[in-house]
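Asks: This is the content of final35.txt (compact mmCIF, C-alpha atoms):
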```txt
# COMPACT_ATOMS: atom_id res chain seq x y z
CA ASN P 198 -131.06 -65.47 189.31
CA ILE P 199 -127.99 -65.12 187.10
CA GLN P 200 -125.54 -65.18 190.00
CA ALA P 201 -126.91 -68.48 191.28
CA ALA P 202 -126.42 -69.99 187.82
CA VAL P 203 -122.82 -68.72 187.66
CA ASN P 204 -122.13 -70.09 191.15
CA ALA P 205 -123.36 -73.53 190.11
CA ALA P 206 -121.59 -73.62 186.74
CA SER P 207 -118.31 -75.28 185.86
CA ASP P 208 -115.78 -74.35 183.21
CA GLY P 209 -117.15 -75.09 179.75
CA ASP P 210 -120.79 -74.75 180.78
CA GLU P 211 -123.35 -72.67 178.92
CA ILE P 212 -125.75 -70.45 180.85
CA ILE P 213 -128.81 -69.43 178.86
CA VAL P 214 -130.72 -66.44 180.23
CA MET P 215 -134.35 -65.72 179.47
CA PRO P 216 -135.52 -62.17 178.63
CA GLY P 217 -136.29 -60.11 181.72
CA THR P 218 -134.73 -57.76 184.26
CA TYR P 219 -132.20 -59.18 186.70
CA THR P 220 -131.09 -57.42 189.89
CA GLY P 221 -128.96 -58.30 192.87
CA THR P 222 -128.31 -57.50 196.52
CA GLY P 223 -124.51 -57.29 196.85
CA ASP P 224 -121.87 -55.00 195.37
CA GLN P 225 -122.62 -56.26 191.85
CA VAL P 226 -125.44 -58.04 190.09
CA VAL P 227 -123.14 -60.66 188.52
CA ASP P 228 -119.66 -61.80 189.58
CA MET P 229 -118.23 -64.16 186.94
CA LYS P 230 -115.88 -65.69 189.58
CA GLY P 231 -113.18 -66.58 187.05
CA LYS P 232 -115.31 -69.21 185.35
CA ALA P 233 -114.82 -70.07 181.68
CA VAL P 234 -118.51 -70.18 180.84
CA ARG P 235 -120.71 -68.75 178.08
CA LEU P 236 -123.38 -66.49 179.54
CA HIS P 237 -125.87 -65.51 176.87
CA SER P 238 -129.43 -64.63 176.00
CA ASN P 239 -131.80 -67.09 174.37
CA ASN P 240 -133.40 -64.29 172.33
CA VAL P 241 -131.47 -62.04 169.96
CA LEU P 242 -134.35 -59.52 169.87
CA LEU P 243 -135.12 -59.27 173.59
CA MET P 244 -131.87 -58.89 175.49
CA PRO P 245 -131.97 -59.64 179.21
CA ILE P 246 -131.34 -56.58 181.39
CA ILE P 247 -128.76 -56.55 184.17
CA ASP P 248 -130.01 -53.72 186.36
CA GLY P 249 -127.82 -52.26 189.09
CA GLU P 250 -130.74 -50.12 190.30
CA GLY P 251 -128.32 -47.22 190.87
CA ALA P 252 -126.98 -49.07 193.91
CA ARG P 253 -124.43 -51.60 192.65
CA ARG P 254 -122.18 -52.52 189.72
CA GLY P 255 -123.56 -54.56 186.84
CA ILE P 256 -120.79 -57.15 186.20
CA LEU P 257 -117.48 -57.93 187.92
CA CYS P 258 -114.53 -59.88 186.50
CA ASN P 259 -111.57 -59.83 188.90
CA SER P 260 -110.63 -63.50 189.17
CA GLY P 261 -108.39 -63.88 186.15
CA GLU P 262 -111.14 -64.38 183.60
CA THR P 263 -109.83 -65.08 180.07
CA ASN P 264 -111.41 -64.89 176.63
CA LYS P 265 -113.15 -68.15 177.48
CA THR P 266 -115.44 -66.20 179.79
CA ILE P 267 -118.05 -65.10 177.25
CA ILE P 268 -120.85 -62.61 177.90
CA GLU P 269 -123.23 -62.19 175.00
CA GLY P 270 -126.46 -60.32 174.33
CA PHE P 271 -127.15 -58.26 177.49
CA THR P 272 -128.15 -54.72 178.39
CA ILE P 273 -126.29 -53.51 181.47
CA THR P 274 -127.97 -50.48 182.96
CA PHE P 275 -128.15 -48.31 186.07
CA GLY P 276 -124.96 -49.80 187.45
CA TYR P 277 -123.16 -47.69 190.03
CA ALA P 278 -119.73 -48.02 191.65
CA ILE P 279 -116.68 -45.99 192.58
CA ASN P 280 -115.00 -47.38 189.43
CA GLY P 281 -116.72 -49.19 186.58
CA GLY P 282 -120.42 -48.77 187.19
CA GLY P 283 -121.47 -51.03 184.33
CA MET P 284 -118.57 -53.49 184.43
CA HIS P 285 -115.23 -53.75 186.23
CA ASN P 286 -112.42 -55.93 184.84
CA ASP P 287 -109.29 -56.25 186.97
CA THR P 288 -106.49 -58.52 185.70
CA SER P 289 -109.19 -60.13 183.57
CA SER P 290 -109.92 -60.31 179.85
CA PRO P 291 -113.40 -61.65 179.09
CA THR P 292 -115.14 -61.67 175.70
CA LEU P 293 -118.24 -59.51 175.19
CA THR P 294 -120.49 -59.56 172.14
CA ASN P 295 -123.70 -57.65 171.37
CA CYS P 296 -123.87 -55.95 174.75
CA THR P 297 -125.23 -52.49 175.58
CA PHE P 298 -123.97 -50.40 178.49
CA ASP P 299 -126.53 -47.69 179.08
CA SER P 300 -127.02 -45.13 181.86
CA ASN P 301 -124.37 -46.50 184.21
CA SER P 302 -122.34 -44.21 186.47
CA ALA P 303 -119.10 -44.11 188.43
CA LEU P 304 -117.96 -41.86 191.24
CA THR P 305 -114.45 -41.60 189.77
CA TYR P 306 -113.57 -43.58 186.60
CA GLY P 307 -115.41 -45.50 183.90
CA GLY P 308 -119.15 -45.07 184.12
CA GLY P 309 -119.74 -47.80 181.56
CA MET P 310 -116.63 -49.99 182.03
CA VAL P 311 -113.25 -49.98 183.74
CA ASN P 312 -110.35 -52.19 182.61
CA ASN P 313 -107.53 -52.17 185.17
CA ASN P 314 -104.14 -53.84 185.58
CA TYR P 315 -103.43 -55.83 182.42
CA SER P 316 -107.08 -56.35 181.54
CA SER P 317 -107.66 -56.74 177.80
CA PRO P 318 -111.23 -57.77 177.06
CA THR P 319 -112.49 -58.27 173.51
CA LEU P 320 -115.66 -56.35 172.61
CA THR P 321 -117.61 -56.80 169.38
CA ASN P 322 -120.82 -54.98 168.43
CA CYS P 323 -121.11 -53.34 171.85
CA SER P 324 -122.44 -49.87 172.63
CA PHE P 325 -121.82 -47.41 175.46
CA THR P 326 -124.58 -44.81 175.75
CA ASN P 327 -125.54 -42.21 178.35
CA ASN P 328 -122.95 -43.35 180.89
CA THR P 329 -121.42 -40.84 183.30
CA SER P 330 -118.32 -40.42 185.43
CA ASP P 331 -117.65 -37.77 188.04
CA HIS P 332 -113.97 -37.76 187.10
CA TYR P 333 -112.67 -39.36 183.85
CA GLY P 334 -113.97 -41.84 181.29
CA GLY P 335 -117.73 -41.61 181.08
CA GLY P 336 -117.94 -44.56 178.71
CA MET P 337 -114.75 -46.53 179.42
CA ARG P 338 -111.48 -46.21 181.30
CA ASN P 339 -108.41 -48.37 180.52
CA TYR P 340 -105.57 -48.26 183.06
CA ASN P 341 -102.14 -49.78 183.67
CA ASN P 342 -101.30 -51.88 180.62
CA SER P 343 -104.89 -52.67 179.74
CA ASN P 344 -105.31 -53.19 176.00
CA PRO P 345 -108.88 -54.06 175.04
CA THR P 346 -109.83 -54.85 171.44
CA LEU P 347 -113.00 -53.21 170.15
CA GLU P 348 -114.70 -53.80 166.81
CA ASN P 349 -117.93 -52.20 165.60
CA CYS P 350 -118.49 -50.51 168.95
CA ALA P 351 -120.22 -47.17 169.60
CA PHE P 352 -119.72 -44.53 172.30
CA GLU P 353 -122.59 -42.08 172.30
CA ASN P 354 -123.77 -39.34 174.65
CA ASN P 355 -121.44 -40.29 177.49
CA THR P 356 -120.31 -37.62 179.96
CA ALA P 357 -117.37 -37.02 182.29
CA THR P 358 -117.06 -34.11 184.68
CA ASN P 359 -113.31 -33.63 184.10
CA GLY P 360 -112.02 -35.53 181.06
CA SER P 361 -113.00 -37.94 178.32
CA GLY P 362 -116.68 -38.44 177.99
CA GLY P 363 -116.11 -41.43 175.70
CA MET P 364 -112.87 -43.33 176.50
CA TYR P 365 -109.91 -42.63 178.80
CA ASN P 366 -106.64 -44.53 178.22
CA HIS P 367 -104.01 -44.11 180.93
CA THR P 368 -100.57 -45.51 181.82
CA ASN P 369 -99.44 -47.60 178.87
CA SER P 370 -102.93 -48.75 177.92
CA ASN P 371 -103.11 -49.22 174.17
CA PRO P 372 -106.49 -50.44 172.94
CA THR P 373 -107.11 -51.43 169.32
CA LEU P 374 -110.29 -50.03 167.78
CA THR P 375 -111.76 -50.89 164.36
CA ASN P 376 -114.95 -49.39 162.91
CA CYS P 377 -115.85 -47.63 166.14
CA THR P 378 -117.77 -44.38 166.57
CA PHE P 379 -117.61 -41.60 169.18
CA THR P 380 -120.66 -39.37 168.89
CA GLY P 381 -122.04 -36.61 171.10
CA ASN P 382 -119.79 -37.30 174.08
CA THR P 383 -119.09 -34.46 176.52
CA ALA P 384 -116.45 -33.58 179.10
CA GLY P 385 -116.25 -30.61 181.43
CA VAL P 386 -112.61 -29.85 180.62
CA TRP P 387 -110.55 -32.26 178.49
CA CYS P 388 -111.79 -34.24 175.51
CA GLY P 389 -115.28 -35.33 174.72
CA GLY P 390 -114.28 -38.37 172.64
CA MET P 391 -110.97 -40.09 173.58
CA TYR P 392 -108.29 -38.97 176.04
CA ASN P 393 -104.90 -40.70 175.78
CA SER P 394 -102.44 -40.18 178.64
CA GLU P 395 -99.11 -42.01 178.27
CA SER P 396 -100.94 -44.43 175.99
CA SER P 397 -100.90 -45.09 172.25
CA PRO P 398 -103.99 -46.82 170.89
CA THR P 399 -104.42 -47.96 167.29
CA LEU P 400 -107.56 -46.82 165.48
CA THR P 401 -108.80 -47.84 162.02
CA ASN P 402 -111.96 -46.55 160.31
CA CYS P 403 -113.16 -44.76 163.42
CA THR P 404 -115.24 -41.56 163.54
CA PHE P 405 -115.41 -38.72 166.07
CA THR P 406 -118.48 -36.57 165.57
CA ASP P 407 -120.29 -33.89 167.61
CA ASN P 408 -118.14 -34.29 170.72
CA THR P 409 -117.69 -31.32 173.07
CA ALA P 410 -115.11 -30.20 175.67
CA ASN P 411 -112.89 -27.25 176.45
CA TYR P 412 -109.77 -28.81 174.92
CA GLY P 413 -109.40 -31.53 172.29
CA SER P 414 -113.05 -32.32 171.81
CA GLY P 415 -112.52 -35.24 169.45
CA MET P 416 -109.24 -36.53 170.87
CA TYR P 417 -106.75 -35.24 173.47
CA ASN P 418 -103.24 -36.72 173.56
CA TRP P 419 -100.86 -36.21 176.49
CA GLU P 420 -97.43 -37.85 176.12
CA SER P 421 -99.05 -40.31 173.71
CA SER P 422 -98.48 -41.46 170.15
CA PRO P 423 -101.63 -43.09 168.81
CA THR P 424 -101.83 -44.43 165.26
CA LEU P 425 -104.91 -43.47 163.25
CA THR P 426 -105.78 -44.81 159.79
CA SER P 427 -108.83 -43.75 157.76
CA CYS P 428 -110.41 -41.92 160.70
CA THR P 429 -112.77 -38.93 160.53
CA PHE P 430 -113.12 -35.96 162.90
CA GLU P 431 -116.20 -33.89 162.09
CA ASN P 432 -118.35 -31.29 163.84
CA ASN P 433 -116.48 -31.46 167.15
CA THR P 434 -116.50 -28.28 169.25
CA ALA P 435 -113.88 -27.01 171.71
CA ASN P 436 -114.67 -24.11 174.00
CA ASP P 437 -110.95 -23.27 173.99
CA ASP P 438 -108.38 -25.05 171.77
CA GLY P 439 -108.35 -28.09 169.51
CA GLY P 440 -111.78 -28.77 168.07
CA GLY P 441 -110.79 -32.02 166.36
CA MET P 442 -107.59 -32.99 168.18
CA TYR P 443 -105.26 -31.53 170.83
CA ASN P 444 -101.67 -32.83 171.04
CA ARG P 445 -99.42 -31.97 173.99
CA TYR P 446 -96.00 -33.65 174.24
CA SER P 447 -97.43 -36.14 171.74
CA SER P 448 -96.57 -37.46 168.28
CA PRO P 449 -99.59 -39.21 166.78
CA THR P 450 -99.37 -40.73 163.30
CA LEU P 451 -102.30 -40.12 160.96
CA GLU P 452 -102.85 -41.63 157.50
CA ASN P 453 -105.80 -41.06 155.17
CA CYS P 454 -107.75 -39.17 157.83
CA LEU P 455 -110.25 -36.30 157.50
CA PHE P 456 -110.74 -33.26 159.75
CA THR P 457 -113.67 -31.08 158.70
CA ASN P 458 -116.21 -28.68 160.23
CA ASN P 459 -114.55 -28.78 163.65
CA THR P 460 -114.59 -25.61 165.74
CA ALA P 461 -112.46 -24.05 168.47
CA THR P 462 -113.10 -20.77 170.22
CA THR P 463 -109.41 -19.84 170.35
CA TYR P 464 -106.98 -21.89 168.22
CA GLY P 465 -106.79 -25.14 166.30
CA GLY P 466 -110.23 -25.74 164.85
CA GLY P 467 -108.94 -28.88 163.17
CA MET P 468 -105.88 -29.62 165.30
CA PHE P 469 -103.89 -27.94 168.06
CA ASN P 470 -100.23 -28.96 168.53
CA ASP P 471 -98.37 -27.82 171.64
CA ASN P 472 -94.89 -28.35 173.05
CA ILE P 473 -91.95 -29.97 171.31
CA TYR P 474 -93.43 -33.07 169.65
CA ASN P 475 -95.38 -33.00 166.40
CA PRO P 476 -97.88 -35.27 164.68
CA THR P 477 -97.05 -36.85 161.32
CA LEU P 478 -99.71 -36.64 158.61
CA THR P 479 -99.92 -38.70 155.40
CA ASP P 480 -102.69 -38.45 152.76
CA THR P 481 -104.81 -36.53 155.25
CA THR P 482 -107.29 -33.73 154.57
CA VAL P 483 -107.80 -30.86 157.02
CA CYS P 484 -110.36 -28.43 155.67
CA GLY P 485 -113.34 -26.28 156.62
CA ASN P 486 -112.42 -25.98 160.30
CA THR P 487 -112.78 -22.81 162.36
CA PRO P 488 -110.90 -20.61 163.18
CA ASP P 489 -107.92 -22.38 161.57
CA GLN P 490 -106.95 -25.78 160.23
CA ILE P 491 -103.82 -26.72 162.21
CA TYR P 492 -102.27 -24.60 164.96
CA GLY P 493 -98.63 -25.36 165.66
CA ASP P 494 -96.03 -27.48 163.92
CA TRP P 495 -96.59 -30.82 162.22
CA ASN P 496 -94.66 -33.23 159.99
CA ASP P 497 -95.78 -33.46 156.35
CA ASN P 498 -95.22 -37.01 155.09
CA GLY P 499 -96.83 -36.27 151.72
CA GLY P 500 -100.20 -36.41 150.03
CA ASN P 501 -101.90 -34.04 152.49
CA THR P 502 -104.56 -31.44 151.71
CA ILE P 503 -104.45 -28.63 154.27
CA VAL P 504 -106.66 -25.79 153.08
CA ASP P 505 -105.58 -22.69 154.97
CA GLY P 506 -107.56 -19.54 154.31
CA ASP P 507 -111.04 -20.93 155.00
CA ILE P 508 -111.37 -18.65 158.00
CA ASN P 509 -115.12 -19.05 158.47
CA GLY P 510 -115.01 -22.82 158.02
CA ASP P 511 -117.70 -23.04 155.34
CA GLY P 512 -115.70 -25.34 153.07
CA PHE P 513 -114.81 -22.60 150.59
CA VAL P 514 -111.99 -20.06 150.43
CA ASP P 515 -113.79 -17.10 148.89
CA VAL P 516 -114.78 -13.48 149.27
CA SER P 517 -116.18 -14.10 152.76
CA ASP P 518 -112.72 -15.00 154.01
CA LEU P 519 -111.20 -12.07 152.15
CA LEU P 520 -113.58 -9.72 153.94
CA VAL P 521 -112.52 -11.15 157.30
CA ILE P 522 -108.89 -10.41 156.43
CA ILE P 523 -109.76 -6.82 155.55
CA ASP P 524 -111.84 -6.37 158.69
CA GLN P 525 -109.07 -7.75 160.94
CA TRP P 526 -106.18 -6.02 159.13
CA GLY P 527 -103.35 -5.09 161.46
CA LEU P 528 -104.78 -6.87 164.47
CA THR P 529 -102.87 -9.29 166.66
CA ASN P 530 -104.24 -12.42 168.31
CA SER P 531 -106.83 -12.83 165.56
CA PRO P 532 -108.17 -15.97 163.86
CA ALA P 533 -107.46 -14.16 160.57
CA ASP P 534 -103.73 -14.43 161.33
CA ILE P 535 -103.52 -17.56 159.19
CA ASN P 536 -99.74 -17.94 159.22
CA GLN P 537 -99.60 -17.29 162.97
CA ASP P 538 -96.88 -14.61 162.72
CA GLY P 539 -98.62 -12.32 165.19
CA ILE P 540 -100.37 -9.90 162.83
CA VAL P 541 -103.02 -9.92 160.10
CA ASP P 542 -101.32 -8.57 157.02
CA VAL P 543 -100.58 -9.15 153.36
CA SER P 544 -99.09 -12.59 154.04
CA ASP P 545 -102.46 -13.80 155.27
CA LEU P 546 -104.24 -12.19 152.34
CA LEU P 547 -101.95 -14.06 149.92
CA ILE P 548 -102.78 -17.37 151.62
CA VAL P 549 -106.48 -16.72 151.01
CA VAL P 550 -105.88 -15.87 147.36
CA GLY P 551 -103.58 -18.85 146.88
CA ASN P 552 -106.17 -21.32 148.20
CA TRP P 553 -109.19 -19.75 146.44
CA GLY P 554 -112.02 -22.19 145.76
CA PRO P 555 -113.67 -25.22 147.36
CA CYS P 556 -112.00 -27.29 150.05
CA GLU P 557 -110.61 -30.31 148.21
```
The structure in this file should be written as structure tokens.
Replies:
Amino acid sequence: NIQAAVNAASDGDEIIVMPGTYTGTGDQVVDMKGKAVRLHSNNVLLMPIIDGEGARRGILCNSGETNKTIIEGFTITFGYAINGGGMHNDTSSPTLTNCTFDSNSALTYGGGMVNNNYSSPTLTNCSFTNNTSDHYGGGMRNYNNSNPTLENCAFENNTATNGSGGMYNHTNSNPTLTNCTFTGNTAGVWCGGMYNSESSPTLTNCTFTDNTANYGSGMYNWESSPTLTSCTFENNTANDDGGGMYNRYSSPTLENCLFTNNTATTYGGGMFNDNIYNPTLTDTTVCGNTPDQIYGDWNDNGGNTIVDGDINGDGFVDVSDLLVIIDQWGLTNSPADINQDGIVDVSDLLIVVGNWGPCE
């Protein structure tokens, strides 16, 4: 019984857990009770399983836990709660290493994990897979000045009914992510990968691939200014606007990033920019997206490769794109209106000719 061991432990103790499946009877399987202990597996190959049985949360930290509360080498699964089915941190910042959050669910926020009210846990080599939320943040939700640090973490196949299948950052919550991946996450409306609302995370060497939503399938920014360095957005699909990224009242900064093979049904295959504020791009490549590369205004800080004219998103500006221009000639509200002046005409044809060749 893990909870009995935590209850008996004192600060500085080490709790070693044998492989097996551990359940509970209360609102959570394990409450760390603010104790500065190291809770870990004795077997790196066979991780103990904390099983909420679809009836309770996996782990709770709401007693001021610090980075000296260490949780290492567990699978947390089938947790269920209103918020934070897998784990709920409130005013607490534990350390987690080599943990898997799989198939947890929340009625509102954070199927895998919720970090609320100045909670800033540190996560290394952790994965969030197949978690669900009936509202926002299938994988993780960070709220009210919660700034977790994540390194080498993966968010895969998480789902949210409304927004952000992967991660939802809200109300001045600014996580730092390094070498993290967002793959195959889905949301019913806004953003499959990461949704930032009044929050400005910092991302380095992160990838957003095969995420799906109506708007901003890779990333959706609302009144947010995230900083992205060496990040990749590829094969994300939006049913409306912003296959790779959607920016509304937001000014993200991107350096050495790649947007390719992203798709939107309406506008902004690579990026959709809406309302007043504009992203700033440096040494960034936007190419091979459908129906266009960037919709709306943006700030060119130099060194960018934006290949307009690749209307069909195959990575080449060639006769196929020329034929689309001819077929759509004179039409309004068409993806062949490359310069977005309201009509497909000679200006768009010249853009195709001027960018002839491979996307590079």
Asks: Residues at most 12 Å from Leu400 in chain P, counting all atoms listed in the file, excluding those fewer than 2 positions away in the same chain, as an MDAnalysis selection string?
Replies: chainID P and resid 346:349 371:379 391 397:398 402:405 416 422:429 449:454
Asks: What does the file look like for those residues with C-alpha atoms, as a PDB file, in the frame of the given file?
Replies:
```
ATOM      1  CA  THR P 346    -109.830 -54.850 171.440  1.00  0.00           C
ATOM      2  CA  LEU P 347    -113.000 -53.210 170.150  1.00  0.00           C
ATOM      3  CA  GLU P 348    -114.700 -53.800 166.810  1.00  0.00           C
ATOM      4  CA  ASN P 349    -117.930 -52.200 165.600  1.00  0.00           C
ATOM      5  CA  ASN P 371    -103.110 -49.220 174.170  1.00  0.00           C
ATOM      6  CA  PRO P 372    -106.490 -50.440 172.940  1.00  0.00           C
ATOM      7  CA  THR P 373    -107.110 -51.430 169.320  1.00  0.00           C
ATOM      8  CA  LEU P 374    -110.290 -50.030 167.780  1.00  0.00           C
ATOM      9  CA  THR P 375    -111.760 -50.890 164.360  1.00  0.00           C
ATOM     10  CA  ASN P 376    -114.950 -49.390 162.910  1.00  0.00           C
ATOM     11  CA  CYS P 377    -115.850 -47.630 166.140  1.00  0.00           C
ATOM     12  CA  THR P 378    -117.770 -44.380 166.570  1.00  0.00           C
ATOM     13  CA  PHE P 379    -117.610 -41.600 169.180  1.00  0.00           C
ATOM     14  CA  MET P 391    -110.970 -40.090 173.580  1.00  0.00           C
ATOM     15  CA  SER P 397    -100.900 -45.090 172.250  1.00  0.00           C
ATOM     16  CA  PRO P 398    -103.990 -46.820 170.890  1.00  0.00           C
ATOM     17  CA  ASN P 402    -111.960 -46.550 160.310  1.00  0.00           C
ATOM     18  CA  CYS P 403    -113.160 -44.760 163.420  1.00  0.00           C
ATOM     19  CA  THR P 404    -115.240 -41.560 163.540  1.00  0.00           C
ATOM     20  CA  PHE P 405    -115.410 -38.720 166.070  1.00  0.00           C
ATOM     21  CA  MET P 416    -109.240 -36.530 170.870  1.00  0.00           C
ATOM     22  CA  SER P 422     -98.480 -41.460 170.150  1.00  0.00           C
ATOM     23  CA  PRO P 423    -101.630 -43.090 168.810  1.00  0.00           C
ATOM     24  CA  THR P 424    -101.830 -44.430 165.260  1.00  0.00           C
ATOM     25  CA  LEU P 425    -104.910 -43.470 163.250  1.00  0.00           C
ATOM     26  CA  THR P 426    -105.780 -44.810 159.790  1.00  0.00           C
ATOM     27  CA  SER P 427    -108.830 -43.750 157.760  1.00  0.00           C
ATOM     28  CA  CYS P 428    -110.410 -41.920 160.700  1.00  0.00           C
ATOM     29  CA  THR P 429    -112.770 -38.930 160.530  1.00  0.00           C
ATOM     30  CA  PRO P 449     -99.590 -39.210 166.780  1.00  0.00           C
ATOM     31  CA  THR P 450     -99.370 -40.730 163.300  1.00  0.00           C
ATOM     32  CA  LEU P 451    -102.300 -40.120 160.960  1.00  0.00           C
ATOM     33  CA  GLU P 452    -102.850 -41.630 157.500  1.00  0.00           C
ATOM     34  CA  ASN P 453    -105.800 -41.060 155.170  1.00  0.00           C
ATOM     35  CA  CYS P 454    -107.750 -39.170 157.830  1.00  0.00           C
TER      36      CYS P 454
END
```
Asks: Need the shell around Val504 in chain P: protein/DNA/RNA residues with any atom at most 8 Å away, counting only C-alpha atoms. Skip same-chain ones fewer than 6 positions apart. Format as a ChimeraX atom specification?
Replies: /P:483-485,490,552,556-557
Asks: Taking only C-alpha atoms into account, which of P:Met244, P:Met442, P:Ala202, P:Val234 comes nearest Asn470 in chain P?
Replies: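 Of all the options, P:Met442 lies closest to Asn470 in chain P.
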Asks: What is the distance, in Å and to one decimal place, between CA of Thr297 in chain P and CA of Gly209 in chain P?
Replies: 24.4 Å
Asks: Considering all atoms listed in the file, can you say which of P:Gly281, P:Pro345, P:Gly465, P:Gly249 comes closest to Asp331 in chain P?
Replies: P:Gly281
Asks: Work out how far apart CA of Asn280 in chain P and CA of Val226 in chain P are and give it in Å to one decimal.
Replies: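 Result for CA of Asn280 in chain P versus CA of Val226 in chain P: 14.9 Å, one decimal.
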Asks: Using only C-alpha atoms - which residues lie no farther than 7 Å from the point (-127.6, -46.8, 189.1) in the file's frame? Write them as number ranges by chain.
Replies: P: 249-253, 275-277, 301-302
Asks: Between P:Thr487, P:Ile273, P:Ala206, P:Gly385, single out the one closest to Gly512 in chain P, counting only C-alpha atoms.
Replies: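 Nearest candidate to Gly512 in chain P out of P:Thr487, P:Ile273, P:Ala206, P:Gly385: P:Thr487.
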Asks: Keeping N, CA and C atoms, write range 442-456 of chain P of the structure just shown out as a compact mmCIF listing (two decimals), in the first residue's frame.
Replies:
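So selection_4.txt came out as:
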```txt
# COMPACT_ATOMS: atom_id res chain seq x y z
N MET P 442 -0.35 26.83 -36.94
CA MET P 442 -0.49 27.75 -35.81
C MET P 442 -1.56 28.79 -36.10
N TYR P 443 -2.33 29.15 -35.07
CA TYR P 443 -3.34 30.20 -35.16
C TYR P 443 -3.00 31.24 -34.09
N ASN P 444 -2.85 32.51 -34.51
CA ASN P 444 -2.52 33.59 -33.59
C ASN P 444 -3.64 34.63 -33.59
N ARG P 445 -4.23 34.87 -32.43
CA ARG P 445 -5.28 35.89 -32.28
C ARG P 445 -4.90 36.80 -31.13
N TYR P 446 -4.77 38.10 -31.41
CA TYR P 446 -4.29 39.05 -30.42
C TYR P 446 -2.98 38.57 -29.78
N SER P 447 -2.11 38.00 -30.58
CA SER P 447 -0.90 37.37 -30.05
C SER P 447 0.32 37.72 -30.89
N SER P 448 1.48 37.76 -30.24
CA SER P 448 2.73 38.11 -30.92
C SER P 448 3.83 37.12 -30.58
N PRO P 449 3.71 35.88 -31.02
CA PRO P 449 4.78 34.92 -30.75
C PRO P 449 6.08 35.29 -31.47
N THR P 450 7.19 34.81 -30.94
CA THR P 450 8.50 35.00 -31.55
C THR P 450 9.04 33.64 -31.95
N LEU P 451 9.38 33.49 -33.23
CA LEU P 451 9.85 32.21 -33.75
C LEU P 451 11.22 32.38 -34.40
N GLU P 452 12.16 31.51 -34.05
CA GLU P 452 13.49 31.53 -34.64
C GLU P 452 13.91 30.12 -35.03
N ASN P 453 14.38 29.99 -36.27
CA ASN P 453 14.87 28.71 -36.79
C ASN P 453 13.82 27.61 -36.68
N CYS P 454 12.59 27.95 -37.02
CA CYS P 454 11.49 26.98 -36.96
C CYS P 454 11.10 26.53 -38.38
N LEU P 455 10.37 25.44 -38.45
CA LEU P 455 9.93 24.87 -39.73
C LEU P 455 8.44 24.58 -39.69
N PHE P 456 7.71 25.05 -40.71
CA PHE P 456 6.30 24.73 -40.90
C PHE P 456 6.17 24.07 -42.27
```
